[in-house]
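To be precise, the following lines are query-v5.csv, and they hold CSV, C-alpha atoms and all ligand atoms.
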chain,number,residue,atom,x,y,z
A,1,MET,CA,-7.4,110.2,-50.9
A,2,GLN,CA,-9.3,113.5,-50.9
A,3,ARG,CA,-8.2,116.2,-48.4
A,4,THR,CA,-11.0,117.5,-46.4
A,5,GLY,CA,-12.3,121.0,-47.0
A,6,THR,CA,-9.8,121.8,-49.8
A,7,VAL,CA,-9.8,121.7,-53.5
A,8,SER,CA,-9.0,118.1,-54.2
A,9,GLN,CA,-6.0,118.0,-56.6
A,10,GLU,CA,-5.6,114.2,-56.1
A,11,ALA,CA,-9.2,113.5,-57.2
A,12,ALA,CA,-8.7,115.6,-60.3
A,13,GLN,CA,-5.6,113.5,-61.1
A,14,GLN,CA,-7.4,110.1,-60.8
A,15,PRO,CA,-10.7,110.5,-62.6
A,16,GLY,CA,-10.4,107.0,-64.2
A,17,GLN,CA,-9.9,105.3,-60.9
A,18,GLN,CA,-12.9,107.1,-59.4
A,19,ALA,CA,-15.1,106.5,-62.4
A,20,ALA,CA,-14.6,102.7,-62.1
A,21,HIS,CA,-16.4,102.7,-58.8
A,22,ALA,CA,-18.9,105.5,-59.5
A,23,ALA,CA,-22.7,105.3,-59.5
A,24,LEU,CA,-22.7,108.2,-61.9
A,25,SER,CA,-19.7,109.2,-63.9
A,26,LEU,CA,-19.6,112.3,-66.2
A,27,ASP,CA,-16.4,112.2,-68.1
A,28,ASN,CA,-15.1,115.2,-70.0
A,29,ILE,CA,-18.5,116.5,-70.8
A,30,THR,CA,-18.9,119.4,-73.2
A,31,CYS,CA,-22.3,120.9,-74.2
A,32,THR,CA,-22.7,123.3,-77.0
A,33,PHE,CA,-26.0,124.9,-77.9
A,34,VAL,CA,-27.3,127.1,-80.7
A,35,SER,CA,-27.2,130.5,-78.9
A,36,ARG,CA,-30.6,131.8,-77.7
A,37,GLU,CA,-29.5,135.4,-78.4
A,38,ASN,CA,-28.2,134.8,-82.0
A,39,ARG,CA,-29.3,131.6,-83.8
A,40,ALA,CA,-26.2,131.9,-86.1
A,41,GLN,CA,-23.9,131.5,-83.1
A,42,ARG,CA,-23.1,128.6,-80.8
A,43,TYR,CA,-22.7,128.8,-77.1
A,44,THR,CA,-20.6,126.4,-75.1
A,45,ALA,CA,-22.4,126.1,-71.8
A,46,MET,CA,-20.2,123.4,-70.4
A,47,ALA,CA,-16.6,122.4,-71.3
A,48,ASP,CA,-14.5,119.4,-70.3
A,49,THR,CA,-16.3,118.6,-67.1
A,50,THR,CA,-15.6,115.5,-65.2
A,51,LEU,CA,-17.6,114.5,-62.1
A,52,ASN,CA,-18.0,111.2,-60.4
A,53,ILE,CA,-20.5,110.3,-57.7
A,54,ALA,CA,-19.9,107.2,-55.6
A,55,PRO,CA,-22.7,104.9,-54.6
A,56,GLY,CA,-24.3,106.3,-51.5
A,57,GLU,CA,-22.6,109.7,-51.8
A,58,PHE,CA,-24.4,113.0,-51.5
A,59,VAL,CA,-22.8,115.5,-53.9
A,60,SER,CA,-24.0,119.1,-54.3
A,61,VAL,CA,-23.1,121.3,-57.3
A,62,VAL,CA,-23.1,125.1,-56.8
A,63,GLY,CA,-22.3,127.8,-59.2
A,64,PRO,CA,-23.5,131.2,-60.4
A,65,THR,CA,-26.8,131.7,-62.0
A,66,GLY,CA,-27.0,130.4,-65.6
A,67,CYS,CA,-23.6,128.7,-65.4
A,68,GLY,CA,-24.8,125.2,-66.5
A,69,LYS,CA,-25.9,123.4,-63.3
A,70,SER,CA,-29.2,122.2,-64.9
A,71,THR,CA,-27.4,121.2,-68.1
A,72,LEU,CA,-25.1,119.0,-66.0
A,73,LEU,CA,-28.0,117.3,-64.3
A,74,ASN,CA,-29.9,116.8,-67.6
A,75,VAL,CA,-26.8,115.1,-69.0
A,76,GLY,CA,-26.7,112.8,-66.0
A,77,ALA,CA,-30.4,112.1,-66.4
A,78,GLY,CA,-29.9,111.2,-70.1
A,79,LEU,CA,-32.3,113.9,-71.0
A,80,LEU,CA,-29.6,115.8,-72.9
A,81,GLN,CA,-26.9,114.3,-75.0
A,82,PRO,CA,-23.6,116.1,-74.5
A,83,SER,CA,-21.7,117.4,-77.6
A,84,SER,CA,-18.8,115.3,-76.4
A,85,GLY,CA,-17.8,113.2,-73.4
A,86,THR,CA,-19.2,110.0,-71.9
A,87,VAL,CA,-21.7,109.3,-69.1
A,88,ARG,CA,-21.5,106.0,-67.3
A,89,VAL,CA,-24.0,104.6,-64.8
A,90,PHE,CA,-22.5,102.0,-62.5
A,91,GLY,CA,-19.8,101.5,-65.2
A,92,GLU,CA,-22.1,101.2,-68.2
A,93,GLU,CA,-22.2,103.8,-70.9
A,94,LEU,CA,-25.5,105.7,-70.9
A,95,THR,CA,-27.1,105.9,-74.3
A,96,GLY,CA,-30.7,106.9,-73.6
A,97,LEU,CA,-32.6,107.9,-70.5
A,98,ASN,CA,-30.9,107.1,-67.2
A,99,ARG,CA,-33.4,104.5,-65.9
A,100,ARG,CA,-31.5,103.9,-62.6
A,101,ALA,CA,-32.1,107.5,-61.7
A,102,GLY,CA,-35.1,109.4,-60.2
A,103,TYR,CA,-35.5,113.1,-60.7
A,104,MET,CA,-36.9,116.0,-58.8
A,105,PHE,CA,-37.0,119.4,-60.4
A,106,GLN,CA,-37.7,122.9,-59.2
A,107,ALA,CA,-40.9,123.1,-61.2
A,108,GLU,CA,-44.1,121.4,-60.0
A,109,CYS,CA,-44.4,118.1,-61.8
A,110,LEU,CA,-47.6,116.7,-60.3
A,111,LEU,CA,-50.5,115.9,-62.5
A,112,PRO,CA,-53.3,118.1,-61.4
A,113,TRP,CA,-56.1,115.6,-62.3
A,114,ARG,CA,-54.6,112.8,-60.2
A,115,SER,CA,-54.8,112.6,-56.4
A,116,ALA,CA,-51.7,112.5,-54.3
A,117,LEU,CA,-51.7,108.7,-54.2
A,118,GLN,CA,-52.3,108.4,-57.9
A,119,ASN,CA,-49.4,110.8,-58.5
A,120,VAL,CA,-47.1,108.8,-56.3
A,121,VAL,CA,-48.0,105.5,-58.0
A,122,ALA,CA,-47.9,106.8,-61.6
A,123,GLY,CA,-44.3,105.6,-62.3
A,124,LEU,CA,-45.1,102.2,-60.7
A,125,GLN,CA,-48.1,101.8,-63.0
A,126,PHE,CA,-46.1,102.9,-66.0
A,127,ARG,CA,-43.7,100.0,-65.1
A,128,GLY,CA,-46.6,97.6,-65.1
A,129,MET,CA,-46.9,97.0,-61.3
A,130,PRO,CA,-50.4,95.6,-60.4
A,131,GLU,CA,-52.7,98.3,-58.9
A,132,GLY,CA,-53.0,96.8,-55.4
A,133,GLU,CA,-49.3,96.4,-54.9
A,134,ALA,CA,-48.6,99.9,-56.3
A,135,ASN,CA,-51.2,101.5,-54.0
A,136,ARG,CA,-49.8,99.7,-51.0
A,137,LEU,CA,-46.3,101.0,-51.8
A,138,GLY,CA,-47.7,104.4,-52.6
A,139,GLU,CA,-49.5,104.6,-49.2
A,140,GLU,CA,-46.3,103.5,-47.5
A,141,TRP,CA,-44.3,106.3,-49.1
A,142,LEU,CA,-46.9,108.9,-48.4
A,143,ALA,CA,-46.7,108.0,-44.7
A,144,ARG,CA,-42.9,108.1,-44.9
A,145,VAL,CA,-43.0,111.7,-46.2
A,146,GLY,CA,-45.5,112.7,-43.5
A,147,LEU,CA,-48.7,112.6,-45.6
A,148,LYS,CA,-50.5,109.6,-44.2
A,149,GLY,CA,-54.2,110.1,-44.8
A,150,PHE,CA,-53.7,112.7,-47.6
A,151,GLY,CA,-53.7,110.2,-50.5
A,152,ASP,CA,-57.1,111.3,-51.8
A,153,ARG,CA,-56.3,115.0,-52.0
A,154,TYR,CA,-55.6,116.7,-55.3
A,155,PRO,CA,-52.5,118.9,-55.8
A,156,HIS,CA,-54.6,122.1,-55.6
A,157,GLN,CA,-55.8,121.0,-52.2
A,158,LEU,CA,-52.3,120.7,-50.8
A,159,SER,CA,-49.8,123.4,-49.7
A,160,GLY,CA,-46.5,124.0,-51.6
A,161,GLY,CA,-44.6,122.0,-49.0
A,162,MET,CA,-47.1,119.1,-49.2
A,163,ARG,CA,-46.9,119.0,-53.0
A,164,LYS,CA,-43.1,118.8,-52.7
A,165,ARG,CA,-43.5,115.8,-50.3
A,166,VAL,CA,-45.7,114.1,-52.9
A,167,ALA,CA,-43.1,114.8,-55.5
A,168,LEU,CA,-40.4,113.3,-53.2
A,169,ALA,CA,-42.5,110.2,-52.6
A,170,GLN,CA,-43.1,109.9,-56.3
A,171,THR,CA,-39.3,109.9,-56.9
A,172,LEU,CA,-38.4,107.6,-54.0
A,173,VAL,CA,-41.2,105.0,-54.5
A,174,LEU,CA,-39.3,103.9,-57.6
A,175,ASP,CA,-36.3,103.0,-55.4
A,176,PRO,CA,-33.8,104.6,-57.8
A,177,ASP,CA,-30.1,104.0,-57.2
A,178,ILE,CA,-29.3,107.5,-58.2
A,179,ILE,CA,-31.3,110.6,-57.2
A,180,LEU,CA,-31.0,113.8,-59.3
A,181,MET,CA,-32.4,117.0,-57.7
A,182,ASP,CA,-32.4,120.4,-59.4
A,183,GLU,CA,-33.1,123.1,-56.8
A,184,PRO,CA,-36.1,121.1,-55.6
A,185,PHE,CA,-37.0,123.3,-52.6
A,186,SER,CA,-36.1,126.8,-53.9
A,187,ALA,CA,-39.7,127.8,-54.2
A,188,LEU,CA,-40.5,127.0,-50.5
A,189,ASP,CA,-40.4,129.4,-47.5
A,190,ILE,CA,-37.3,128.9,-45.4
A,191,GLN,CA,-39.0,126.9,-42.5
A,192,THR,CA,-40.7,124.5,-44.9
A,193,ARG,CA,-37.5,124.2,-46.9
A,194,GLN,CA,-35.4,123.3,-43.8
A,195,LEU,CA,-38.0,120.7,-42.8
A,196,MET,CA,-37.9,119.2,-46.3
A,197,GLU,CA,-34.1,119.2,-46.3
A,198,ASN,CA,-34.0,117.3,-43.0
A,199,GLU,CA,-36.6,114.8,-44.3
A,200,VAL,CA,-34.4,114.2,-47.4
A,201,LEU,CA,-31.4,113.6,-45.2
A,202,ASP,CA,-33.3,111.2,-43.0
A,203,LEU,CA,-34.6,109.2,-46.0
A,204,TRP,CA,-31.2,109.3,-47.6
A,205,SER,CA,-29.3,108.1,-44.5
A,206,ALA,CA,-31.7,105.1,-44.3
A,207,LYS,CA,-31.1,104.0,-47.9
A,208,LYS,CA,-27.9,105.7,-48.9
A,209,LYS,CA,-28.4,106.4,-52.6
A,210,ALA,CA,-26.1,108.4,-54.8
A,211,VAL,CA,-27.4,112.0,-54.9
A,212,LEU,CA,-26.6,114.8,-57.3
A,213,PHE,CA,-28.1,117.9,-55.8
A,214,ILE,CA,-28.1,121.2,-57.8
A,215,THR,CA,-28.5,124.4,-55.8
A,216,HIS,CA,-27.3,128.0,-55.8
A,217,ASP,CA,-27.7,128.1,-52.1
A,218,LEU,CA,-24.2,127.4,-50.6
A,219,ASP,CA,-25.6,126.9,-47.0
A,220,GLU,CA,-28.0,124.3,-48.3
A,221,ALA,CA,-25.2,122.6,-50.2
A,222,ILE,CA,-22.9,122.4,-47.2
A,223,ALA,CA,-25.6,121.3,-44.8
A,224,MET,CA,-26.8,118.4,-46.9
A,225,SER,CA,-23.7,117.1,-48.6
A,226,ASP,CA,-20.6,114.8,-48.4
A,227,ARG,CA,-19.0,116.9,-51.1
A,228,VAL,CA,-19.6,120.2,-52.7
A,229,VAL,CA,-18.4,120.9,-56.3
A,230,VAL,CA,-18.1,124.6,-57.4
A,231,LEU,CA,-18.7,125.4,-61.1
A,232,SER,CA,-17.2,128.4,-62.8
A,233,ALA,CA,-19.2,131.1,-64.6
A,234,GLY,CA,-20.0,130.3,-68.2
A,235,PRO,CA,-19.2,130.1,-71.0
A,236,GLY,CA,-17.3,126.9,-70.9
A,237,THR,CA,-18.4,126.1,-67.3
A,238,HIS,CA,-16.2,123.6,-65.5
A,239,PRO,CA,-15.5,122.6,-61.9
A,240,ILE,CA,-13.1,124.9,-60.2
A,241,GLY,CA,-13.2,123.5,-56.7
A,242,GLU,CA,-14.2,120.4,-54.8
A,243,PHE,CA,-14.7,120.3,-51.0
A,244,VAL,CA,-15.2,117.3,-48.8
A,245,ILE,CA,-17.8,118.2,-46.1
A,246,ASP,CA,-16.4,116.6,-43.0
A,247,LEU,CA,-19.3,117.6,-40.7
A,248,PRO,CA,-20.8,115.1,-38.4
A,249,ARG,CA,-24.0,113.2,-39.3
A,250,PRO,CA,-26.8,112.9,-38.6
A,251,ARG,CA,-27.3,116.6,-39.3
A,252,ASP,CA,-30.0,119.1,-38.6
A,253,VAL,CA,-29.7,121.6,-41.5
A,254,ALA,CA,-30.6,124.5,-39.3
A,255,GLU,CA,-28.4,123.6,-36.3
A,256,ILE,CA,-25.4,122.5,-38.4
A,257,ARG,CA,-25.0,126.1,-39.6
A,258,ALA,CA,-23.8,127.2,-36.2
A,259,HIS,CA,-21.0,124.5,-36.2
A,260,PRO,CA,-17.6,126.1,-36.3
A,261,ARG,CA,-16.5,123.8,-39.1
A,262,PHE,CA,-19.5,124.8,-41.1
A,263,VAL,CA,-18.5,128.4,-40.8
A,264,GLU,CA,-15.0,127.6,-41.8
A,265,LEU,CA,-16.1,125.5,-44.9
A,266,HIS,CA,-18.5,128.2,-45.9
A,267,ALA,CA,-15.7,130.8,-45.9
A,268,GLN,CA,-13.4,128.5,-47.9
A,269,ILE,CA,-16.0,127.7,-50.6
A,270,TRP,CA,-17.3,131.2,-50.8
A,271,ASP,CA,-13.8,132.4,-51.4
A,272,VAL,CA,-13.8,130.3,-54.7
A,273,LEU,CA,-17.4,131.0,-55.6
A,274,ARG,CA,-17.6,134.7,-54.9
A,275,GLU,CA,-15.8,135.9,-58.1
A,276,GLU,CA,-17.8,133.5,-60.3
A,277,VAL,CA,-21.0,134.8,-58.9
A,278,LEU,CA,-19.9,138.3,-59.7
A,279,LYS,CA,-18.9,137.3,-63.2
A,280,GLY,CA,-22.3,135.4,-63.7
A,281,TYR,CA,-24.2,138.5,-62.5
A,282,GLN,CA,-22.3,140.8,-64.9
A,283,GLN,CA,-23.1,138.4,-67.8
A,284,THR,CA,-26.8,138.3,-66.9
A,285,LYS,CA,-26.8,142.1,-66.8
A,286,GLN,CA,-25.1,142.4,-70.2
A,287,ARG,CA,-27.5,139.9,-71.8
A,288,ALA,CA,-30.6,141.7,-70.4
A,301,LIG,N1,-31.4,124.2,-75.0
A,301,LIG,C1,-30.6,125.3,-74.9
A,301,LIG,N2,-30.4,126.1,-75.9
A,301,LIG,C2,-29.6,127.2,-75.8
A,301,LIG,N3,-29.0,127.5,-74.7
A,301,LIG,C3,-29.2,126.8,-73.6
A,301,LIG,C4,-30.0,125.6,-73.6
A,301,LIG,N4,-30.0,125.1,-72.4
A,301,LIG,C5,-29.2,125.9,-71.6
A,301,LIG,N5,-28.7,126.9,-72.4
A,301,LIG,C6,-27.8,127.9,-71.9
A,301,LIG,O1,-26.7,127.3,-71.2
A,301,LIG,C7,-26.4,128.0,-70.0
A,301,LIG,C8,-26.5,127.1,-68.8
A,301,LIG,O2,-27.9,126.9,-68.6
A,301,LIG,P1,-28.4,126.1,-67.3
A,301,LIG,O3,-29.9,126.2,-67.2
A,301,LIG,O4,-27.8,124.8,-67.3
A,301,LIG,O5,-27.8,127.0,-66.1
A,301,LIG,P2,-28.1,126.9,-64.5
A,301,LIG,O6,-26.8,127.1,-63.8
A,301,LIG,O7,-28.9,125.7,-64.2
A,301,LIG,O8,-29.0,128.2,-64.3
A,301,LIG,P3,-29.9,128.7,-63.0
A,301,LIG,O9,-28.9,129.0,-62.0
A,301,LIG,O10,-30.5,130.0,-63.5
A,301,LIG,O11,-30.9,127.7,-62.7
A,301,LIG,C9,-27.3,129.3,-70.0
A,301,LIG,O12,-26.6,130.3,-70.6
A,301,LIG,C10,-28.4,128.9,-70.9
A,301,LIG,O13,-29.0,130.0,-71.5
Just give me the structure of the file as structure tokens.
Ligand SMILES: Nc1ncnc2c1ncn2[C@@H]1O[C@H](COP(=O)(O)OP(=O)(O)OP(=O)(O)O)[C@@H](O)[C@H]1O
Amino acid sequence: MQRTGTVSQEAAQQPGQQAAHAALSLDNITCTFVSRENRAQRYTAMADTTLNIAPGEFVSVVGPTGCGKSTLLNVGAGLLQPSSGTVRVFGEELTGLNRRAGYMFQAECLLPWRSALQNVVAGLQFRGMPEGEANRLGEEWLARVGLKGFGDRYPHQLSGGMRKRVALAQTLVLDPDIILMDEPFSALDIQTRQLMENEVLDLWSAKKKAVLFITHDLDEAIAMSDRVVVLSAGPGTHPIGEFVIDLPRPRDVAEIRAHPRFVELHAQIWDVLREEVLKGYQQTKQRA
């Protein structure tokens, strides 16, 4: 059993037991790259990292800038092969792309020459779904993300928030069992961002998929998640804290910040994160 709001020692001691029931299991992952600064050197971005996400669980990973959050997500997506360690998806070892996962990245990924609807249904068409059925599903998802009637607009005719909604529909229309999100809303203004966060929570609570959410915003991580994992600064990034977020659901991400337990959890997690953020900042300054 994990204790609420504390670093979970027990969880760390039972990775095998957790992995057996996990939707996504990253076991002892190490990622070493050829250094960007000096091609003759190698840089170990991530070392011996184990993370399990249960079906239906919403897990956020926070850490200082450049520590390896995206690397972790790319490994889970099957986009990056780790130097060592194993990834399992519902118990099966992952060898190529993670086809049970849908992704949403920070960068805009919409095709500018396709309308909103055509963007949403692109993945369905790729899977060979007949056009009529794909369009029906696409329209349904556009309506679910608040874009009913906007299907014929092109990305440049939509606001930043609307484009994110299209991207969200594009991810969810494929009905993935696992959703991987890498700072999906960081480019949005705070009000739009909070609206989007609430929408994601509404959609998630209806379907309860496993979510791995990468962010450097601790408030966002606590407001959204069942569990927050804190990564150390690099090199050799690894989890240094794991906190169960025992806040009531359903949550409004703006209102929940005033909850006394939110304030308490924030203080506890920031206590672990603060030093790593300072270390990460110093490293970035030295590299610049
Ligand atoms: N393909 C690569 N080749 C060389 N180094 C890489 C590569 N990918 C990542 N790195 C390095 O690994 C470290 C972790 O990068 P990553 O992008 O995962 O960090 P992050 O925590 O997501 O960063 P940010 O908070 O800025 O989004 C960084 O030092 C980065 O420069």
Worksheet item: Got a sec to check which residues lie within 6 Å of ligand LIG 301 (chain A), using only C-alpha atoms and all ligand atoms, and send them as a PyMOL selection string?
Response: chain A and resi 33-36+45+65-71
Could you produce a table of the residues of stretch 34-137 of chain A lying within 7 Å of stretch 158-169 of chain A, with the nearest pair of atoms per residue and their separation in Å rounded to one decimal, using all atoms listed in the file, ordered by chain and increasing residue number, as CSV?
residue,atom,partner,partner_atom,distance
A:Leu110,CA,A:Ala167,CA,6.8
A:Ala116,CA,A:Val166,CA,6.4
A:Val120,CA,A:Ala169,CA,6.1
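The space separating atom CA of A:Arg153 from atom CA of A:Gln170 comes to 14.8 Å.
For the pair atom CA of A:Asp252 and atom CA of A:Leu51, the separation is 27.0 Å.
When all atoms listed in the file are used to compute distances to A:Ala19, the closest of the residues A:Gly85, A:Gly146, A:Gly91, A:Pro248 turns out to be A:Gly91.
When all atoms listed in the file are used to compute distances to A:Leu273, the closest of the residues A:Ala221, A:Asn28, A:Asn135, A:Val62 turns out to be A:Val62.
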Closest contacts (stretch 66-109 of chain A/stretch 185-190 of chain A, max 9 Å, only C-alpha atoms) as JSON lines:
{"residue": "A:Phe105", "atom": "CA", "partner": "A:Phe185", "partner_atom": "CA", "distance": 8.7}
{"residue": "A:Gln106", "atom": "CA", "partner": "A:Phe185", "partner_atom": "CA", "distance": 6.6}
{"residue": "A:Ala107", "atom": "CA", "partner": "A:Ala187", "partner_atom": "CA", "distance": 8.5}
Worksheet item: Which one is closest to A:Glu199: A:Val253, A:Ala47, A:Met129, A:Ile29? Count only C-alpha atoms.
Response: A:Val253
Fill in: Straight-line distance linking atom CA of A:Ile222 with atom CA of A:Leu26, stated in Å to one decimal
21.8 Å
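Checking A:Ala223, A:Ala122, A:Ala206, A:Met196 one by one against A:Leu174, counting only C-alpha atoms, you find the shortest gap at A:Ala122.
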Residue completion, stretch 47-65 of chain A, N, CA and C atoms, as a PDB file, in the coordinates of the input:
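Saved file rebuild02.pdb follows:
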ATOM      1  N   ALA A  47     -17.783 122.866 -70.541  1.00  0.00           N
ATOM      2  CA  ALA A  47     -16.600 122.400 -71.300  1.00  0.00           C
ATOM      3  C   ALA A  47     -15.760 121.465 -70.392  1.00  0.00           C
ATOM      4  N   ASP A  48     -15.446 120.309 -70.939  1.00  0.00           N
ATOM      5  CA  ASP A  48     -14.500 119.400 -70.300  1.00  0.00           C
ATOM      6  C   ASP A  48     -14.763 119.151 -68.826  1.00  0.00           C
ATOM      7  N   THR A  49     -15.987 118.821 -68.516  1.00  0.00           N
ATOM      8  CA  THR A  49     -16.300 118.600 -67.100  1.00  0.00           C
ATOM      9  C   THR A  49     -16.361 117.179 -66.716  1.00  0.00           C
ATOM     10  N   THR A  50     -15.630 116.868 -65.678  1.00  0.00           N
ATOM     11  CA  THR A  50     -15.600 115.500 -65.200  1.00  0.00           C
ATOM     12  C   THR A  50     -16.111 115.512 -63.717  1.00  0.00           C
ATOM     13  N   LEU A  51     -17.080 114.630 -63.457  1.00  0.00           N
ATOM     14  CA  LEU A  51     -17.600 114.500 -62.100  1.00  0.00           C
ATOM     15  C   LEU A  51     -18.068 113.105 -61.844  1.00  0.00           C
ATOM     16  N   ASN A  52     -17.591 112.538 -60.748  1.00  0.00           N
ATOM     17  CA  ASN A  52     -18.000 111.200 -60.400  1.00  0.00           C
ATOM     18  C   ASN A  52     -18.676 111.186 -59.038  1.00  0.00           C
ATOM     19  N   ILE A  53     -19.749 110.431 -58.964  1.00  0.00           N
ATOM     20  CA  ILE A  53     -20.500 110.300 -57.700  1.00  0.00           C
ATOM     21  C   ILE A  53     -20.503 108.863 -57.278  1.00  0.00           C
ATOM     22  N   ALA A  54     -19.993 108.595 -56.107  1.00  0.00           N
ATOM     23  CA  ALA A  54     -19.900 107.200 -55.600  1.00  0.00           C
ATOM     24  C   ALA A  54     -21.258 106.714 -55.161  1.00  0.00           C
ATOM     25  N   PRO A  55     -21.467 105.389 -55.147  1.00  0.00           N
ATOM     26  CA  PRO A  55     -22.700 104.900 -54.600  1.00  0.00           C
ATOM     27  C   PRO A  55     -22.892 105.374 -53.163  1.00  0.00           C
ATOM     28  N   GLY A  56     -24.051 105.872 -52.840  1.00  0.00           N
ATOM     29  CA  GLY A  56     -24.300 106.300 -51.500  1.00  0.00           C
ATOM     30  C   GLY A  56     -23.802 107.718 -51.148  1.00  0.00           C
ATOM     31  N   GLU A  57     -23.153 108.364 -52.109  1.00  0.00           N
ATOM     32  CA  GLU A  57     -22.600 109.700 -51.800  1.00  0.00           C
ATOM     33  C   GLU A  57     -23.545 110.804 -52.159  1.00  0.00           C
ATOM     34  N   PHE A  58     -23.555 111.841 -51.335  1.00  0.00           N
ATOM     35  CA  PHE A  58     -24.400 113.000 -51.500  1.00  0.00           C
ATOM     36  C   PHE A  58     -23.535 114.147 -52.012  1.00  0.00           C
ATOM     37  N   VAL A  59     -23.671 114.495 -53.289  1.00  0.00           N
ATOM     38  CA  VAL A  59     -22.800 115.500 -53.900  1.00  0.00           C
ATOM     39  C   VAL A  59     -23.687 116.710 -54.309  1.00  0.00           C
ATOM     40  N   SER A  60     -23.308 117.908 -53.872  1.00  0.00           N
ATOM     41  CA  SER A  60     -24.000 119.100 -54.300  1.00  0.00           C
ATOM     42  C   SER A  60     -23.121 119.858 -55.318  1.00  0.00           C
ATOM     43  N   VAL A  61     -23.784 120.452 -56.313  1.00  0.00           N
ATOM     44  CA  VAL A  61     -23.100 121.300 -57.300  1.00  0.00           C
ATOM     45  C   VAL A  61     -23.619 122.709 -57.127  1.00  0.00           C
ATOM     46  N   VAL A  62     -22.711 123.646 -56.875  1.00  0.00           N
ATOM     47  CA  VAL A  62     -23.100 125.100 -56.800  1.00  0.00           C
ATOM     48  C   VAL A  62     -22.387 125.846 -57.848  1.00  0.00           C
ATOM     49  N   GLY A  63     -22.963 126.976 -58.195  1.00  0.00           N
ATOM     50  CA  GLY A  63     -22.300 127.800 -59.200  1.00  0.00           C
ATOM     51  C   GLY A  63     -23.210 129.013 -59.467  1.00  0.00           C
ATOM     52  N   PRO A  64     -22.671 130.014 -60.152  1.00  0.00           N
ATOM     53  CA  PRO A  64     -23.500 131.200 -60.400  1.00  0.00           C
ATOM     54  C   PRO A  64     -24.661 130.946 -61.279  1.00  0.00           C
ATOM     55  N   THR A  65     -25.596 131.852 -61.234  1.00  0.00           N
ATOM     56  CA  THR A  65     -26.800 131.700 -62.000  1.00  0.00           C
ATOM     57  C   THR A  65     -26.507 131.563 -63.504  1.00  0.00           C
TER      58      THR A  65
END
